[in-house]
Amino acid sequence: MPDTTAAATIICRCEDVTLEEIRAQIAAGRHTIDEIKRLTRCGMGPCQGRTCRTLVAGEIARAVGVDVAEEALPTFRPPLKPVKLGVLLAEENDGA
Amino acid sequence: MRKHADAVVIGGGIHGCSVAYHLAKKGMGDVVLVEKDYLAACGTGRSAAGIRHQFGTEVNVRLSAASLAMMETLSEDLDYAHGIELLQKGYLMLAYGRPELETFTRNVALQHRIIADCKTVMMTPEQIHELNPHLNLDGVLGGSFNPRDGHASPWHTTQAFAEAAARLGVEINTRTEVTGIRLDGDRVGGVVTTRGEILTDTVVDCAGPFGAVVSRMAGVDLPLTPQRHQILVTEPVAEVVPMMVISYTHGTYFKQTPHGSILMGYGDPAHEVIGLEQDASWQFLVEVARKITYHMPILENVRVVRQWAGLYDMTPDSQAILGGVPEVRGFYLDVGWSGHGFMLGPIAGKVLSEIIVGEEPTVDVDDFRYARFAENDLCPEPACV
C-alpha cells in the first residue's frame, strides 16, 4: 500500500522538506544528516535543524540499522540564533 | 570495492566527479572514484559557486567560456532531474581605483578577443546604479558585467556528474580514504585505501586542498597551500541582488540564491588560517556585517542564519595544476584551482580525460603544467579573490 502519510509529513518546517523526500535520499545511499541537508536543504532554515535533525537521524537509524547515538552530527554552525546584520555592527561599535 | 581499475580518481568534489564521468564517457571501462568523506564535502560544497567569463588570462577565459556552455545544458545532458540550480542573472565586478578599472578594461578586451559573441561589458557607475539601485557606489569608478554569468548549486552539480558517472559504470566509494600510492619503477602501480588496495596504472589527484598530501604519496611535491575562507548566509528575502557582485578592493563577494538567501564571503589572506582547519571564526561575522552593509545598506535588518568555512587550494600564481607529471608516469593532477575551481570543474574534467586517453585537448592547458614551477614560468591570474 503506498505510504501517503510520508508525502504529507513535514520533517523540516523551515524548508518544507517531507518525510518522503528524506526517505528517498536515504534509499539513494545518503546515510548522514550532512549529505541529506546539502541536497534537500533540510535543516538549513532559521531554526538550523533543531526540530528535523533528530527526526532525520531516527529515519537513518531505522533504515540503515545503526544506533542514533553513533551517527555523525552536522557541525553546529554559529550564530546559534538568527542575528540581524545591523545588530552585529552595533556589537562592533560598542567594542570600539 | 574493485581490486583492479583502468583509472582511480582521488577526490569526490566537482573535479573528481567530472574527471571520472568524462573518462567513462570516453569508454574507459573500470573507473573507480575514492572520496574520504562524502561527495562535495570539502572545497566544492563550501564554495559560493560563482560562475563567470570574466578572467584575465587567456587559458581561464577559454576554459570558463567552455565550462559555462556545458553548465547551460548540464542538467539535461546528465539527465539530472533536480537540475543544477543554474542562475544566470549576471556577475558584476566593482572597480574602485584607476588601476582596477584599467585591469578590468584589459580583461574585457581579452574576453572579446577570445570568445565569439562575448557578453561582458564595462559599465559606468550610473549604469551600475540602474542595474542595481541597492548598491552603494561610493568610490566606484565603474565595473564589468556579464549577464550570462551567475552561479549554481555546487552540491547538485557534483551529484549530477556522480550519478551520470555511476550509470556509465564508475564505482564511487565514499568514506574511503587514500593512505598510499604504490609506485612501480617510474610509474604508478596502485592505490592503497582504508577499504583495500586497487591495482591501476592511472591515478588522478583531484583532492583539492588535500591535493599536496595525496601527491606526496606518489613522491610528487606540489606548491599547494590550503587557505581558509569563510562565508555566511542569511534568511531568504525578496530579490535584491540577482547578480553576483565582487569587489577585489574589499575582498568581498555576494550573491542571492534562487531560494532567496544571501551568501556573502570575504577573503582576508593576510589574517586567515593557513592549513587544513575548517572552523569558522566569530570575528568574521562582525567583519562581514560591516562590509556587506557598506555595499548594500538595505541589508541591515536581514538576519544571518549560518556561517561556515572552507578551504581554497592556493598555488603561487593562483592557477591550477592540470595534466600529467613527467617524473611519475600515469599520475595526473587536477588541483590548485585557487578559489575558482567550481566553475571550471566541468571543462577541466573533460580536458583532463582527453589528455589521459591521448587526445588533443579541447582547450590548450599548457599554462597549467606542473613543470612551470621548476621552470619559473608562472601564469598569474589577476581576476581572483
# chains A, B, ... in the order shown; residues from 1 in each chain; ligands from 1

call {"tool": "interface_residues", "arguments": {"of": "chain B", "to": "chain A", "cutoff": "8 Å", "atoms": "only C-alpha atoms", "output": "list in words"}}
result
Tyr38, Trp155, His156, Glu235, Trp282, Leu285, Val286, Ala289, Arg290, Thr293, Leu299, Glu300, Asn301, Val302, Arg303, Val304, Val305, Arg306, Gln307 and Trp308 of chain B

call {"tool": "residues_around", "arguments": {"residues": "Thr202 in chain B", "least_positions_apart": "2", "cutoff": "6 Å", "atoms": "only C-alpha atoms", "output": "JSON, numbers by chain"}}
result
{"B": [7, 200, 330, 331]}

call {"tool": "select_by_dssp", "arguments": {"residues": "range 16-120 of chain B", "states": "strand (DSSP E)", "output": "ChimeraX atom specification"}}
result
/B:31-34,50-51,91-95

call {"tool": "select_by_dssp", "arguments": {"residues": "range 7-177 of chain B", "states": "helix (DSSP H, G or I)", "output": "ChimeraX atom specification"}}
result
/B:14-25,58-72,74-77,98-114,125-131,154-167

call {"tool": "residues_around", "arguments": {"residues": "Ala7 in chain A", "least_positions_apart": "2", "cutoff": "8 Å", "atoms": "only C-alpha atoms", "output": "list in words"}}
result
Asp3, Thr4, Thr5, Thr9, Ile10, Thr18, Leu19, Glu20 and Glu21 of chain A

call {"tool": "write_last_selection", "arguments": {"atoms": "C-alpha atoms", "output": "compact mmCIF listing (two decimals), in the first residue's frame"}}
result
# COMPACT_ATOMS: atom_id res chain seq x y z
CA ASP A 3 2.53 5.44 2.14
CA THR A 4 0.54 8.64 1.62
CA THR A 5 1.35 9.97 5.05
CA THR A 9 4.51 14.68 6.78
CA ILE A 10 6.77 17.70 7.05
CA THR A 18 8.79 15.93 3.67
CA LEU A 19 9.37 12.51 5.18
CA GLU A 20 9.02 11.07 1.68
CA GLU A 21 11.93 13.22 0.41

call {"tool": "atom_distance", "arguments": {"atom1": "CA of Gly219 in chain B", "atom2": "CA of Asp377 in chain B"}}
result
22.2 Å

call {"tool": "atom_distance", "arguments": {"atom1": "CA of Leu55 in chain A", "atom2": "CA of Arg46 in chain B"}}
result
24.7 Å

call {"tool": "atom_distance", "arguments": {"atom1": "CA of Lys119 in chain B", "atom2": "CA of Met314 in chain B"}}
result
29.0 Å

call {"tool": "residues_around", "arguments": {"residues": "Pro316 in chain B", "least_positions_apart": "3", "cutoff": "8 Å", "atoms": "only C-alpha atoms", "output": "MDAnalysis selection string"}}
result
chainID B and resid 223:224 319 378

call {"tool": "write_last_selection", "arguments": {"atoms": "C-alpha atoms", "output": "PDB file, in the first residue's frame"}}
result
ATOM      1  CA  PRO B 223      53.452  24.092  -4.208  1.00  0.00           C
ATOM      2  CA  LEU B 224      49.863  23.972  -2.974  1.00  0.00           C
ATOM      3  CA  GLN B 319      46.303  28.916 -11.196  1.00  0.00           C
ATOM      4  CA  LEU B 378      54.236  31.257 -13.849  1.00  0.00           C
TER       5      LEU B 378
END

call {"tool": "residues_around", "arguments": {"residues": "range 73-81 of chain B", "least_positions_apart": "5", "cutoff": "9 Å", "atoms": "only C-alpha atoms", "output": "list of chain:residue names"}}
result
B:His156, B:Thr157, B:Gln159, B:Ala160, B:Phe161, B:Glu163, B:Ala164, B:Ala165

call {"tool": "residues_around", "arguments": {"residues": "Asn132 in chain B", "least_positions_apart": "5", "cutoff": "10 Å", "atoms": "only C-alpha atoms", "output": "NGL selection string"}}
result
:B and (126-127 or 240-243)
